[in-house]
Amino acid sequence: MKLLTHNLLSSHVRGVGPRGFPLRLQATEVRINPVEFNPEFVARMIPKVEWAALLEAADTLHLVEVPTEPIEGYEHDEKFLRRMHHVLLEVDVLEGTLQCPESGRLFPISRGIPNMLLSDEETET
Amino acid sequence: MKISGFILIAPVFLFLFLFLFCVCVCVCVSKSLVVANGGLGNGVSRRQLLPVLEKCGPVDALLMPPNKPYSFVRYTTAEEAKKAYVTLNGKEIVDDLGQKIVLYLNFVEKAQWKEVGLQALPPGLMVVEEIISSEDEKMLLESINWTEDTDNQNVQKSLKHRRVKHFGYEFHYENNNIDRGRPLPGGLPDTCDSILEKWLKEGFIKHKPDQLTVNQYEPGHGIPAHIDTHSAFEDEIVSLSLGSEVVMDFKHPDGVTVPVMLPRRSLLVMTGESRYLWTHGITPRKFDTVQASKGHKSGIITSDVGDLTLSKRGIRTSFTFRKVRQTPCNCSYSLVCDSQMKETPPSFPESDREASQLEQEYVHRVYEEIAGHFSSTRHTPWPHVVEFLKALPSGSLVADVGCGNGKYLGINKELYMIGCDRSQGLVDICRERHLPALVCDALAVPIRSGACDACISVAVIHHFATAERRVAALQELVRLLRPGGRALVYVWAMEQEYKKKKSKYLRENRMSPRKGEEVCRGTSGPQVSVAQPPGPGRPGPASGLSSLSDCQQGGRNSRDVTKSQLPVHTNRTSFHSQDLLVPWHLKGKPGKDRPAEPGGAGGSHGPSPVFHRFYHVFREGELEAACRALSDVRVLRSCYDQGNWCVILEKV
């Protein structure tokens, strides 16, 4: 599971609504996967990222390189973009858990795949 | 048996007993007596009775038949017997529960009891004694947190029921089955890991279990006789007894019952016949009849009445470890096998819950079984979907809800696409291809609202069994979109011939299956007959659900007035009903995506397995109407494409 994906995930346990974001990440196995760098692509991702959630996740994984917010003129700052490319797209959590911050419900990540299935009682419908 | 009641009728009972068992009552003296009220069946143990009888002289034999309210004593001399007759008649003793019992004695010609033939343990059954230490027993008992689920606790206590806790997978008592798609987070407790490894290493078990049920029985609790559902669990089922021993009864369908002692800290291993054919259960009572000489050792409780006594039960906790089946059961005991016994054919669901169950059985489970084969037939991306994806701006975030094998996830490298699918098997395939995907339900997509620039949902929504659920799935797609974001939805059309043109699906009747790409494909096979009459239906009107057009009314019985059976479709023919089951003939390597044939080493042994998938095929305009029912949506485009209805909508 890449950190960009984690940044989009939210818990769907009944009653939590927007308080189900962000999911607390805990990783027991992480791998770095090289991905071809596309600066334009990364630049377009930046405004879509929930920064606080990304910082928290990066912190959990002890990734020291994440700046506290996107810098001015980031679209042309290759160094910044490369760093974000690495954090968002090259870090892959293989084993761990995602925890709903409101309900405490744990979702497993196994072989890189988060399993977000809820039982009937837990869903919001 | 109530003691007090028995005492009142004892003289009557004694008379009846003598009559029934044709033992002649002699006024003349013999060495043997019957001791009425002094039986295992009314709470008197050997331990209590023997000393009382021995006061009159050495006892040659004390025969205590199980569950009977009397026993037989044989003294070495007639003198002693006479002394017993005189002094012990009317003697009051106290049973194990502290209740007063009055003994009545009379002479019998011979003290004997017809013995049942030699019994053997059910085949495949083994009891391993002292498999864990006392420390480990204590540790395991303490590791279970019973207080977590207080609501359930109260329910169980008020029902005077045993306490139950599950790990790994939830076991559902309504249908005695496992919810395969919903593993419980946390898996098995850490405390069990080393113990299971040890058992594997030492050969007590052959497979690593992934499900654990902890049962706690207080004296008086039991569990009705049952066979663990074949389709839920693999062959080997093991149960660890902690805290107290118990006698478990195994019954063969022919009527033979074998009571087996499970000592404390022993492991019961059930395989083969003992797992698949014999039922096992624990009688709810406070005492078990056990063998006096064997003490607490395992084994069959003998029918040698000269060696039986009572054992008071304590609180027993069992840890039952099982491995969840991922493929249907193919044991040789088909009469008791739920996988092999033809199930009640499914009917049109009348509630959301029924719809969910129908989907579980006829969509989710099937895709898990056929994942590999299914994926191999899904290789060609549909041109219009590709077109939609390629037209999106670089850097768009796109969700593919119901991504299957990830066919569309890598089409446009300028996009960040996340795949979601209900099937772990299919998501695994995405992962193998290095395509990001996660497991979730399309009705509860775990992506934050408004995060997506676009969504696609190709051949997914037609698997939902009610109109409400189909609309809810559409609503989820819309929720994911940012304002101005677009979604592309494809569903199978009822009209397979449109504007005088037949779809590829129809045209490929009887052709080899590898050609082309269809929405839902199976090989052209014979129509699978759904033979049985419908099962017990629940009376009541169908709630306001989508109208059934031409839905065939299956065989109705008197109890089942309103339920209509879902018809099974013949592949590569026109649809005659909107709600139906479509067969999938599974092909491929055995083991991975096909249940292993009995005794087989690969290769086919007969026809390939057929799976039925539920579909609701859409009529012209139906998908569009469903989209328009959503509040924040604008339909941009609506068209027919190769046997499918397609819609592009935009969030306003």
# chains A, B, ... in the order shown; residues from 1 in each chain; ligands from 1
>>> residues_around(residues="Glu90 in chain A", least_positions_apart="3", cutoff="9 Å", atoms="only C-alpha atoms", output="list in words")
Lys2, Leu3, Arg31, Ile32, Asn33, Pro34, Val35, His85, His86 and Val87 of chain A
>>> residues_around(residues="Lys390 in chain B", least_positions_apart="2", cutoff="9 Å", atoms="only C-alpha atoms", output="list of chain:residue names")
B:Val385, B:Val386, B:Glu387, B:Phe388, B:Leu392, B:Pro393, B:Ile411, B:Asn412, B:Glu414, B:Leu415
>>> write_last_selection(atoms="all heavy atoms", output="PDB file, in the first residue's frame")
ATOM      1  N   VAL B 385     -14.175   2.222 -22.469  1.00  0.00           N
ATOM      2  CA  VAL B 385     -13.633   2.472 -21.129  1.00  0.00           C
ATOM      3  C   VAL B 385     -12.224   3.043 -21.258  1.00  0.00           C
ATOM      4  O   VAL B 385     -11.850   3.994 -20.566  1.00  0.00           O
ATOM      5  CB  VAL B 385     -13.619   1.170 -20.281  1.00  0.00           C
ATOM      6  CG1 VAL B 385     -13.101   1.468 -18.882  1.00  0.00           C
ATOM      7  CG2 VAL B 385     -15.004   0.543 -20.212  1.00  0.00           C
ATOM      8  N   VAL B 386     -11.475   2.481 -22.184  1.00  0.00           N
ATOM      9  CA  VAL B 386     -10.114   2.967 -22.427  1.00  0.00           C
ATOM     10  C   VAL B 386     -10.159   4.437 -22.866  1.00  0.00           C
ATOM     11  O   VAL B 386      -9.397   5.280 -22.373  1.00  0.00           O
ATOM     12  CB  VAL B 386      -9.429   2.099 -23.508  1.00  0.00           C
ATOM     13  CG1 VAL B 386      -8.086   2.697 -23.902  1.00  0.00           C
ATOM     14  CG2 VAL B 386      -9.239   0.678 -23.001  1.00  0.00           C
ATOM     15  N   GLU B 387     -11.088   4.702 -23.735  1.00  0.00           N
ATOM     16  CA  GLU B 387     -11.282   6.064 -24.250  1.00  0.00           C
ATOM     17  C   GLU B 387     -11.564   7.034 -23.101  1.00  0.00           C
ATOM     18  O   GLU B 387     -10.992   8.122 -23.023  1.00  0.00           O
ATOM     19  CB  GLU B 387     -12.492   6.020 -25.182  1.00  0.00           C
ATOM     20  CG  GLU B 387     -12.586   7.086 -26.219  1.00  0.00           C
ATOM     21  CD  GLU B 387     -13.898   6.879 -27.001  1.00  0.00           C
ATOM     22  OE1 GLU B 387     -13.998   5.867 -27.740  1.00  0.00           O
ATOM     23  OE2 GLU B 387     -14.810   7.714 -26.845  1.00  0.00           O
ATOM     24  N   PHE B 388     -12.448   6.626 -22.225  1.00  0.00           N
ATOM     25  CA  PHE B 388     -12.812   7.456 -21.065  1.00  0.00           C
ATOM     26  C   PHE B 388     -11.591   7.736 -20.205  1.00  0.00           C
ATOM     27  O   PHE B 388     -11.316   8.866 -19.805  1.00  0.00           O
ATOM     28  CB  PHE B 388     -13.904   6.732 -20.256  1.00  0.00           C
ATOM     29  CG  PHE B 388     -14.304   7.429 -18.979  1.00  0.00           C
ATOM     30  CD1 PHE B 388     -15.279   8.421 -18.982  1.00  0.00           C
ATOM     31  CD2 PHE B 388     -13.708   7.101 -17.763  1.00  0.00           C
ATOM     32  CE1 PHE B 388     -15.666   9.064 -17.802  1.00  0.00           C
ATOM     33  CE2 PHE B 388     -14.081   7.740 -16.578  1.00  0.00           C
ATOM     34  CZ  PHE B 388     -15.058   8.734 -16.598  1.00  0.00           C
ATOM     35  N   LEU B 392      -8.872  11.539 -19.547  1.00  0.00           N
ATOM     36  CA  LEU B 392      -8.756  12.239 -18.258  1.00  0.00           C
ATOM     37  C   LEU B 392      -7.424  12.989 -18.184  1.00  0.00           C
ATOM     38  O   LEU B 392      -6.402  12.509 -18.688  1.00  0.00           O
ATOM     39  CB  LEU B 392      -8.861  11.243 -17.094  1.00  0.00           C
ATOM     40  CG  LEU B 392     -10.221  10.545 -16.928  1.00  0.00           C
ATOM     41  CD1 LEU B 392     -10.122   9.435 -15.892  1.00  0.00           C
ATOM     42  CD2 LEU B 392     -11.304  11.550 -16.511  1.00  0.00           C
ATOM     43  N   PRO B 393      -7.413  14.156 -17.512  1.00  0.00           N
ATOM     44  CA  PRO B 393      -6.173  14.923 -17.420  1.00  0.00           C
ATOM     45  C   PRO B 393      -5.104  14.201 -16.597  1.00  0.00           C
ATOM     46  O   PRO B 393      -5.421  13.408 -15.706  1.00  0.00           O
ATOM     47  CB  PRO B 393      -6.594  16.225 -16.716  1.00  0.00           C
ATOM     48  CG  PRO B 393      -7.960  16.024 -16.218  1.00  0.00           C
ATOM     49  CD  PRO B 393      -8.567  14.846 -16.883  1.00  0.00           C
ATOM     50  N   ILE B 411      -3.929   1.162 -17.600  1.00  0.00           N
ATOM     51  CA  ILE B 411      -4.177   1.649 -18.967  1.00  0.00           C
ATOM     52  C   ILE B 411      -3.535   3.013 -19.229  1.00  0.00           C
ATOM     53  O   ILE B 411      -2.893   3.219 -20.253  1.00  0.00           O
ATOM     54  CB  ILE B 411      -5.700   1.778 -19.214  1.00  0.00           C
ATOM     55  CG1 ILE B 411      -6.339   0.400 -19.175  1.00  0.00           C
ATOM     56  CG2 ILE B 411      -6.008   2.525 -20.491  1.00  0.00           C
ATOM     57  CD1 ILE B 411      -6.386  -0.316 -20.465  1.00  0.00           C
ATOM     58  N   ASN B 412      -3.721   3.933 -18.298  1.00  0.00           N
ATOM     59  CA  ASN B 412      -3.209   5.287 -18.496  1.00  0.00           C
ATOM     60  C   ASN B 412      -2.238   5.625 -17.379  1.00  0.00           C
ATOM     61  O   ASN B 412      -2.633   5.857 -16.243  1.00  0.00           O
ATOM     62  CB  ASN B 412      -4.397   6.273 -18.510  1.00  0.00           C
ATOM     63  CG  ASN B 412      -3.958   7.694 -18.802  1.00  0.00           C
ATOM     64  OD1 ASN B 412      -2.765   8.022 -18.757  1.00  0.00           O
ATOM     65  ND2 ASN B 412      -4.913   8.554 -19.096  1.00  0.00           N
ATOM     66  N   GLU B 414      -0.684   8.163 -16.747  1.00  0.00           N
ATOM     67  CA  GLU B 414      -0.756   9.535 -16.250  1.00  0.00           C
ATOM     68  C   GLU B 414      -1.754   9.673 -15.109  1.00  0.00           C
ATOM     69  O   GLU B 414      -1.911  10.752 -14.532  1.00  0.00           O
ATOM     70  CB  GLU B 414      -1.195  10.483 -17.382  1.00  0.00           C
ATOM     71  CG  GLU B 414      -0.233  10.528 -18.561  1.00  0.00           C
ATOM     72  CD  GLU B 414       1.046  11.248 -18.196  1.00  0.00           C
ATOM     73  OE1 GLU B 414       0.971  12.340 -17.607  1.00  0.00           O
ATOM     74  OE2 GLU B 414       2.137  10.723 -18.491  1.00  0.00           O
ATOM     75  N   LEU B 415      -2.452   8.580 -14.807  1.00  0.00           N
ATOM     76  CA  LEU B 415      -3.461   8.620 -13.746  1.00  0.00           C
ATOM     77  C   LEU B 415      -2.969   7.874 -12.535  1.00  0.00           C
ATOM     78  O   LEU B 415      -2.153   6.955 -12.659  1.00  0.00           O
ATOM     79  CB  LEU B 415      -4.759   7.951 -14.213  1.00  0.00           C
ATOM     80  CG  LEU B 415      -5.347   8.355 -15.548  1.00  0.00           C
ATOM     81  CD1 LEU B 415      -6.517   7.440 -15.896  1.00  0.00           C
ATOM     82  CD2 LEU B 415      -5.813   9.805 -15.496  1.00  0.00           C
TER      83      LEU B 415
END
>>> closest_residue(among="A:Pro67, A:Ile46, A:Ala58, A:Ala53", to="Ser10 in chain A", atoms="only C-alpha atoms")
A:Ala53
>>> residues_around(residues="Lys55 in chain B", least_positions_apart="3", cutoff="10 Å", atoms="only C-alpha atoms", output="list of chain:residue names")
B:Leu50, B:Pro51, B:Val52, B:Pro58, B:Val59, B:Glu80, B:Lys83, B:Ala84, B:Thr87, B:Leu88
>>> residues_around(residues="Thr309 in chain B", least_positions_apart="2", cutoff="12 Å", atoms="only C-alpha atoms", output="PyMOL selection string")
chain B and resi 38-50+62-68+71+96+287-296+301-307+311-312
>>> interface_residues(of="chain A", to="chain B", cutoff="10 Å", atoms="only C-alpha atoms", output="ChimeraX atom specification")
/A:1-2,4-14,17-18,20-22,38,40-46,48-50,89,97,105-109,111-120,123-125
>>> atom_distance(atom1="CA of Asp59 in chain A", atom2="CA of Pro47 in chain A")
20.0 Å
>>> select_by_dssp(residues="range 208-295 of chain B", states="helix (DSSP H, G or I)", output="ChimeraX atom specification")
/B:272-276
>>> select_by_dssp(residues="range 238-391 of chain B", states="strand (DSSP E)", output="VMD selection string")
chain B and resid 238 to 242 246 to 251 257 to 262 267 to 270 279 to 282 287 to 291 299 to 300 308 to 312 316 to 324
>>> closest_residue(among="B:Pro259, B:Gly98, B:Gly299, B:Gly272", to="Ile227 in chain B", atoms="only C-alpha atoms")
B:Gly272
>>> residues_around(residues="Val635 in chain B", least_positions_apart="6", cutoff="7 Å", atoms="only C-alpha atoms", output="PyMOL selection string")
chain B and resi 648-650
>>> write_last_selection(atoms="N, CA and C atoms", output="PDB file, in the first residue's frame")
ATOM      1  N   ILE B 648     -22.409   7.763 -18.532  1.00  0.00           N
ATOM      2  CA  ILE B 648     -21.367   8.628 -17.970  1.00  0.00           C
ATOM      3  C   ILE B 648     -22.092   9.721 -17.217  1.00  0.00           C
ATOM      4  N   LEU B 649     -21.777   9.854 -15.957  1.00  0.00           N
ATOM      5  CA  LEU B 649     -22.427  10.897 -15.168  1.00  0.00           C
ATOM      6  C   LEU B 649     -21.414  11.832 -14.548  1.00  0.00           C
ATOM      7  N   GLU B 650     -21.903  13.006 -14.188  1.00  0.00           N
ATOM      8  CA  GLU B 650     -21.035  14.030 -13.640  1.00  0.00           C
ATOM      9  C   GLU B 650     -21.622  14.531 -12.328  1.00  0.00           C
TER      10      GLU B 650
END
>>> residues_around(residues="Tyr408 in chain B", least_positions_apart="3", cutoff="10 Å", atoms="only C-alpha atoms", output="JSON, numbers by chain")
{"B": [379, 380, 381, 382, 385, 386, 389, 400, 403, 404, 405, 411, 412, 417, 419, 435, 456, 458]}
>>> write_last_selection(atoms="all heavy atoms", output="compact mmCIF listing (two decimals), in the first residue's frame")
# COMPACT_ATOMS: atom_id res chain seq x y z
N HIS B 379 -9.09 -10.28 -20.47
CA HIS B 379 -7.83 -9.66 -20.84
C HIS B 379 -7.97 -8.43 -21.73
O HIS B 379 -7.15 -7.56 -21.69
CB HIS B 379 -6.91 -10.68 -21.50
CG HIS B 379 -7.68 -11.66 -22.36
ND1 HIS B 379 -8.17 -11.34 -23.59
CD2 HIS B 379 -8.06 -12.94 -22.12
CE1 HIS B 379 -8.81 -12.40 -24.07
NE2 HIS B 379 -8.77 -13.37 -23.22
N THR B 380 -9.04 -8.38 -22.51
CA THR B 380 -9.16 -7.26 -23.44
C THR B 380 -9.96 -6.11 -22.84
O THR B 380 -11.15 -6.26 -22.56
CB THR B 380 -9.87 -7.71 -24.73
OG1 THR B 380 -9.26 -8.91 -25.17
CG2 THR B 380 -9.79 -6.64 -25.79
N PRO B 381 -9.32 -4.96 -22.64
CA PRO B 381 -10.06 -3.81 -22.11
C PRO B 381 -11.05 -3.31 -23.17
O PRO B 381 -10.76 -3.33 -24.36
CB PRO B 381 -8.97 -2.76 -21.86
CG PRO B 381 -7.68 -3.47 -21.99
CD PRO B 381 -7.89 -4.65 -22.85
N TRP B 382 -12.20 -2.88 -22.71
CA TRP B 382 -13.21 -2.40 -23.64
C TRP B 382 -12.86 -1.01 -24.17
O TRP B 382 -12.50 -0.12 -23.38
CB TRP B 382 -14.57 -2.37 -22.97
CG TRP B 382 -15.05 -3.73 -22.59
CD1 TRP B 382 -14.50 -4.92 -22.96
CD2 TRP B 382 -16.17 -4.03 -21.77
NE1 TRP B 382 -15.20 -5.94 -22.41
CE2 TRP B 382 -16.24 -5.44 -21.68
CE3 TRP B 382 -17.12 -3.25 -21.11
CZ2 TRP B 382 -17.23 -6.08 -20.95
CZ3 TRP B 382 -18.09 -3.91 -20.38
CH2 TRP B 382 -18.15 -5.31 -20.30
N VAL B 385 -14.17 2.22 -22.47
CA VAL B 385 -13.63 2.47 -21.13
C VAL B 385 -12.22 3.04 -21.26
O VAL B 385 -11.85 3.99 -20.57
CB VAL B 385 -13.62 1.17 -20.28
CG1 VAL B 385 -13.10 1.47 -18.88
CG2 VAL B 385 -15.00 0.54 -20.21
N VAL B 386 -11.48 2.48 -22.18
CA VAL B 386 -10.11 2.97 -22.43
C VAL B 386 -10.16 4.44 -22.87
O VAL B 386 -9.40 5.28 -22.37
CB VAL B 386 -9.43 2.10 -23.51
CG1 VAL B 386 -8.09 2.70 -23.90
CG2 VAL B 386 -9.24 0.68 -23.00
N LEU B 389 -10.81 6.70 -19.95
CA LEU B 389 -9.63 6.86 -19.08
C LEU B 389 -8.56 7.71 -19.76
O LEU B 389 -7.90 8.53 -19.10
CB LEU B 389 -9.07 5.47 -18.72
CG LEU B 389 -9.92 4.63 -17.75
CD1 LEU B 389 -9.35 3.23 -17.61
CD2 LEU B 389 -10.04 5.29 -16.39
N ASP B 400 -11.41 2.59 -9.34
CA ASP B 400 -12.05 1.55 -10.15
C ASP B 400 -12.77 0.65 -9.15
O ASP B 400 -12.14 -0.18 -8.48
CB ASP B 400 -11.00 0.78 -10.95
CG ASP B 400 -11.62 -0.29 -11.86
OD1 ASP B 400 -12.84 -0.57 -11.73
OD2 ASP B 400 -10.89 -0.86 -12.69
N CYS B 403 -12.75 -3.64 -9.52
CA CYS B 403 -11.67 -3.65 -10.51
C CYS B 403 -11.34 -5.04 -11.03
O CYS B 403 -10.59 -5.18 -11.99
CB CYS B 403 -10.42 -3.01 -9.94
SG CYS B 403 -9.74 -3.93 -8.54
N GLY B 404 -11.84 -6.09 -10.37
CA GLY B 404 -11.55 -7.45 -10.83
C GLY B 404 -10.06 -7.71 -10.84
O GLY B 404 -9.37 -7.47 -9.86
N ASN B 405 -9.55 -8.15 -11.97
CA ASN B 405 -8.13 -8.49 -12.06
C ASN B 405 -7.26 -7.30 -12.43
O ASN B 405 -6.10 -7.47 -12.79
CB ASN B 405 -7.92 -9.64 -13.05
CG ASN B 405 -8.26 -9.23 -14.48
OD1 ASN B 405 -8.88 -8.18 -14.72
ND2 ASN B 405 -7.84 -10.03 -15.46
N ILE B 411 -3.93 1.16 -17.60
CA ILE B 411 -4.18 1.65 -18.97
C ILE B 411 -3.53 3.01 -19.23
O ILE B 411 -2.89 3.22 -20.25
CB ILE B 411 -5.70 1.78 -19.21
CG1 ILE B 411 -6.34 0.40 -19.17
CG2 ILE B 411 -6.01 2.52 -20.49
CD1 ILE B 411 -6.39 -0.32 -20.47
N ASN B 412 -3.72 3.93 -18.30
CA ASN B 412 -3.21 5.29 -18.50
C ASN B 412 -2.24 5.62 -17.38
O ASN B 412 -2.63 5.86 -16.24
CB ASN B 412 -4.40 6.27 -18.51
CG ASN B 412 -3.96 7.69 -18.80
OD1 ASN B 412 -2.77 8.02 -18.76
ND2 ASN B 412 -4.91 8.55 -19.10
N MET B 417 -4.59 5.39 -10.26
CA MET B 417 -5.81 4.60 -10.13
C MET B 417 -5.73 3.67 -8.95
O MET B 417 -4.71 2.98 -8.76
CB MET B 417 -6.05 3.77 -11.39
CG MET B 417 -6.67 4.60 -12.50
SD MET B 417 -7.24 3.61 -13.87
CE MET B 417 -8.79 2.99 -13.28
N GLY B 419 -7.66 0.43 -7.34
CA GLY B 419 -8.66 -0.59 -7.60
C GLY B 419 -9.26 -1.08 -6.30
O GLY B 419 -8.57 -1.20 -5.28
N LEU B 435 -0.31 -3.71 -9.39
CA LEU B 435 -1.35 -2.70 -9.54
C LEU B 435 -1.98 -2.48 -8.17
O LEU B 435 -2.37 -3.43 -7.52
CB LEU B 435 -2.41 -3.18 -10.53
CG LEU B 435 -1.88 -3.46 -11.93
CD1 LEU B 435 -2.86 -4.33 -12.72
CD2 LEU B 435 -1.62 -2.15 -12.67
N ILE B 456 -14.66 4.56 -12.23
CA ILE B 456 -15.29 3.64 -13.18
C ILE B 456 -15.83 2.45 -12.42
O ILE B 456 -15.29 2.07 -11.38
CB ILE B 456 -14.35 3.17 -14.31
CG1 ILE B 456 -13.13 2.41 -13.75
CG2 ILE B 456 -13.91 4.34 -15.19
CD1 ILE B 456 -12.30 1.72 -14.84
N VAL B 458 -17.23 -1.11 -13.90
CA VAL B 458 -17.53 -1.87 -15.10
C VAL B 458 -18.01 -3.27 -14.75
O VAL B 458 -17.26 -4.05 -14.15
CB VAL B 458 -16.27 -1.96 -16.00
CG1 VAL B 458 -16.57 -2.75 -17.26
CG2 VAL B 458 -15.78 -0.56 -16.35
>>> atom_distance(atom1="CA of Asp641 in chain B", atom2="CA of Val491 in chain B")
9.8 Å
>>> closest_residue(among="A:Glu122, A:Glu36, A:Asp92, A:Asp77", to="Leu61 in chain A", atoms="only C-alpha atoms")
A:Asp92
>>> atom_distance(atom1="CA of Glu109 in chain B", atom2="CA of Cys56 in chain B")
18.9 Å
>>> residues_around(residues="Arg628 in chain B", least_positions_apart="5", cutoff="12 Å", atoms="only C-alpha atoms", output="list of chain:residue names")
B:Val471, B:Leu474, B:Gln475, B:Val478, B:Gly621, B:Glu622, B:Leu623, B:Val633, B:Arg634, B:Val635, B:Leu636, B:Arg637, B:Ser638, B:Val647, B:Ile648, B:Leu649, B:Glu650, B:Lys651
>>> decode(residues="range 564-570 of chain B", atoms="all heavy atoms", output="short mmCIF file (atom, residue, chain, number, x, y, z; two decimals), in the first residue's frame")
data_model
loop_
_atom_site.label_atom_id
_atom_site.label_comp_id
_atom_site.auth_asym_id
_atom_site.auth_seq_id
_atom_site.Cartn_x
_atom_site.Cartn_y
_atom_site.Cartn_z
N SER B 564 -40.45 -16.28 -5.27
CA SER B 564 -40.27 -16.85 -6.60
C SER B 564 -38.82 -17.23 -6.79
O SER B 564 -37.91 -16.50 -6.42
CB SER B 564 -40.73 -15.86 -7.65
OG SER B 564 -40.80 -14.58 -7.11
N GLN B 565 -38.62 -18.35 -7.39
CA GLN B 565 -37.29 -18.87 -7.59
C GLN B 565 -36.56 -18.13 -8.67
O GLN B 565 -37.15 -17.72 -9.67
CB GLN B 565 -37.43 -20.32 -8.03
CG GLN B 565 -36.73 -21.29 -7.14
CD GLN B 565 -37.01 -22.70 -7.61
OE1 GLN B 565 -38.13 -23.18 -7.52
NE2 GLN B 565 -36.00 -23.33 -8.14
N LEU B 566 -35.26 -18.00 -8.50
CA LEU B 566 -34.46 -17.36 -9.54
C LEU B 566 -34.17 -18.38 -10.64
O LEU B 566 -33.69 -19.46 -10.37
CB LEU B 566 -33.13 -16.88 -8.94
CG LEU B 566 -33.23 -15.68 -8.01
CD1 LEU B 566 -31.92 -15.49 -7.26
CD2 LEU B 566 -33.59 -14.42 -8.77
N PRO B 567 -34.45 -18.03 -11.87
CA PRO B 567 -34.19 -18.98 -12.95
C PRO B 567 -32.70 -19.06 -13.26
O PRO B 567 -31.95 -18.11 -13.03
CB PRO B 567 -34.95 -18.38 -14.14
CG PRO B 567 -35.08 -16.93 -13.83
CD PRO B 567 -35.04 -16.77 -12.35
N VAL B 568 -32.31 -20.20 -13.77
CA VAL B 568 -30.92 -20.37 -14.19
C VAL B 568 -30.85 -20.14 -15.69
O VAL B 568 -31.59 -20.74 -16.45
CB VAL B 568 -30.41 -21.77 -13.84
CG1 VAL B 568 -28.98 -21.95 -14.34
CG2 VAL B 568 -30.46 -21.99 -12.33
N HIS B 569 -29.94 -19.30 -16.08
CA HIS B 569 -29.83 -18.90 -17.47
C HIS B 569 -29.02 -19.92 -18.28
O HIS B 569 -28.12 -20.56 -17.74
CB HIS B 569 -29.13 -17.54 -17.49
CG HIS B 569 -28.83 -17.02 -18.85
ND1 HIS B 569 -29.83 -16.72 -19.75
CD2 HIS B 569 -27.67 -16.74 -19.47
CE1 HIS B 569 -29.28 -16.27 -20.86
NE2 HIS B 569 -27.98 -16.26 -20.72
N THR B 570 -29.37 -20.04 -19.53
CA THR B 570 -28.54 -20.85 -20.43
C THR B 570 -27.60 -19.89 -21.12
O THR B 570 -28.04 -18.94 -21.78
CB THR B 570 -29.43 -21.53 -21.50
OG1 THR B 570 -30.41 -22.31 -20.83
CG2 THR B 570 -28.58 -22.44 -22.39
#
